[in-house]
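K.L.:
Just so it is clear, I am handing over input02.cif, which has mmCIF, C-alpha atoms.
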```cif
data_final
loop_
_atom_site.label_atom_id
_atom_site.label_comp_id
_atom_site.auth_asym_id
_atom_site.auth_seq_id
_atom_site.Cartn_x
_atom_site.Cartn_y
_atom_site.Cartn_z
CA MET D 1 8.73 25.47 -26.40
CA ASN D 2 10.69 23.35 -23.93
CA LYS D 3 13.02 20.54 -25.00
CA ALA D 4 10.59 17.76 -24.05
CA LYS D 5 7.80 19.19 -26.22
CA LEU D 6 10.20 19.80 -29.09
CA ASN D 7 11.48 16.24 -28.78
CA TYR D 8 7.92 14.90 -28.80
CA MET D 9 7.01 16.92 -31.91
CA VAL D 10 10.16 15.86 -33.77
CA ASP D 11 9.58 12.20 -32.87
CA PHE D 12 5.90 12.40 -33.80
CA PHE D 13 6.57 13.91 -37.22
CA MET D 14 9.47 11.52 -37.76
CA PHE D 15 7.10 8.61 -37.10
CA ILE D 16 4.46 10.03 -39.46
CA SER D 17 7.07 10.61 -42.17
CA PHE D 18 8.29 7.02 -41.69
CA LEU D 19 4.75 5.69 -42.12
CA ILE D 20 4.19 7.74 -45.29
CA THR D 21 7.58 6.75 -46.73
CA ALA D 22 6.93 3.08 -45.94
CA MET D 23 3.41 3.19 -47.42
CA THR D 24 4.50 4.92 -50.62
CA GLY D 25 7.46 2.55 -50.90
CA LEU D 26 5.13 -0.45 -50.67
CA VAL D 27 2.81 1.08 -53.27
CA LEU D 28 5.74 1.73 -55.60
CA LYS D 29 7.11 -1.79 -55.10
CA PHE D 30 3.93 -3.86 -55.25
CA ALA D 31 1.00 -1.87 -56.65
CA LEU D 32 2.52 -0.08 -59.64
CA SER D 33 3.90 -1.65 -62.78
CA LYS D 34 7.51 -1.59 -63.83
CA GLY D 35 9.03 -1.10 -67.25
CA ARG D 36 8.92 1.46 -70.04
CA ARG D 37 5.33 2.55 -69.60
CA SER D 38 5.38 2.39 -65.82
CA GLY D 39 5.19 6.19 -65.48
CA GLN D 40 1.62 6.04 -66.75
CA SER D 41 0.45 3.48 -64.21
CA GLU D 42 -1.90 4.61 -61.44
CA PHE D 43 -2.92 3.55 -57.95
CA LEU D 44 -5.83 5.26 -56.19
CA SER D 45 -6.01 7.62 -59.21
CA ILE D 46 -2.48 8.89 -58.52
CA ILE D 47 0.17 8.38 -61.19
CA LYS D 48 3.45 6.68 -60.40
CA SER D 49 5.58 9.82 -60.75
CA ASN D 50 3.50 11.55 -58.05
CA TRP D 51 3.90 8.54 -55.74
CA GLU D 52 7.65 8.76 -56.32
CA LEU D 53 7.65 12.51 -55.66
CA VAL D 54 5.84 12.12 -52.33
CA HIS D 55 8.08 9.18 -51.38
CA ASP D 56 11.27 11.11 -52.13
CA TRP D 57 10.33 14.40 -50.43
CA ILE D 58 8.89 12.78 -47.31
CA GLY D 59 12.05 10.66 -47.13
CA ILE D 60 14.17 13.84 -47.28
CA LEU D 61 12.02 15.37 -44.53
CA MET D 62 12.60 12.24 -42.44
CA ILE D 63 16.38 12.61 -42.86
CA PHE D 64 16.23 16.18 -41.50
CA LEU D 65 14.03 15.06 -38.60
CA ILE D 66 16.49 12.27 -37.77
CA ILE D 67 19.33 14.81 -37.72
CA ILE D 68 17.32 17.05 -35.36
CA HIS D 69 16.54 13.99 -33.20
CA ILE D 70 20.25 13.14 -32.94
CA VAL D 71 21.11 16.75 -32.05
CA LEU D 72 18.45 16.78 -29.32
CA HIS D 73 19.83 13.55 -27.86
CA TRP D 74 23.54 14.26 -28.38
CA ASP D 75 24.37 14.50 -24.65
CA TRP D 76 22.66 11.15 -24.02
CA ILE D 77 24.48 9.55 -26.99
CA VAL D 78 27.86 10.77 -25.69
CA ALA D 79 27.11 9.61 -22.13
CA MET D 80 25.97 6.16 -23.27
CA THR D 81 28.98 5.75 -25.55
CA LYS D 82 31.33 6.67 -22.73
CA GLY D 83 29.50 4.26 -20.43
CA LEU D 84 29.74 1.41 -22.92
CA PHE D 85 33.45 1.88 -23.43
CA GLY D 86 34.31 2.40 -19.75
CA ARG D 87 35.07 6.11 -19.74
CA SER D 88 33.59 8.29 -17.01
#
```
Any chance you could give the structure as structure tokens?
P.N.:
Amino acid sequence: MNKAKLNYMVDFFMFISFLITAMTGLVLKFALSKGRRSGQSEFLSIIKSNWELVHDWIGILMIFLIIIHIVLHWDWIVAMTKGLFGRS
């Protein structure tokens, strides 16, 4: 797989993982109850602890994808940084 296709795939899955993390975060914040018995609350027939599990693991996946994204763009990052600070 060439670098452009790899970059596209990483960015695509990073976007999907962002959407899932954002959605589960909103569900956890606004749709599920808080407090002592909050672990028993459900949304869409899924208990809160499972929402948290998905949120956490997809968030970890997103971190790894961001690291891969930075590695793929490292030359560009270095060149832009040098350009911004006047080094050639």
K.L.:
For the provided coordinates, the residues matched by the PyMOL selection byres ((chain D and resi 65) around 12) should be stated as an MDAnalysis selection string.
P.N.:
chainID D and resid 6:18 58:64 66:72
K.L.:
CA of Ile47 in chain D and CA of Leu32 in chain D, how far apart in Å?
P.N.:
8.9 Å
K.L.:
Check the smallest atom-to-atom distance from each of D:Trp74, D:Gly83, D:Trp51, D:Ser45 to Val27 in chain D using all atoms listed in the file, then report the winner.
P.N.:
D:Trp51
K.L.:
CA of Lys48 in chain D and CA of Ala31 in chain D are how many Å apart?
P.N.:
9.7 Å
K.L.:
Hey, can you check how far CA of Met23 in chain D sits from CA of Val54 in chain D?
P.N.:
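The value is 10.5 Å.
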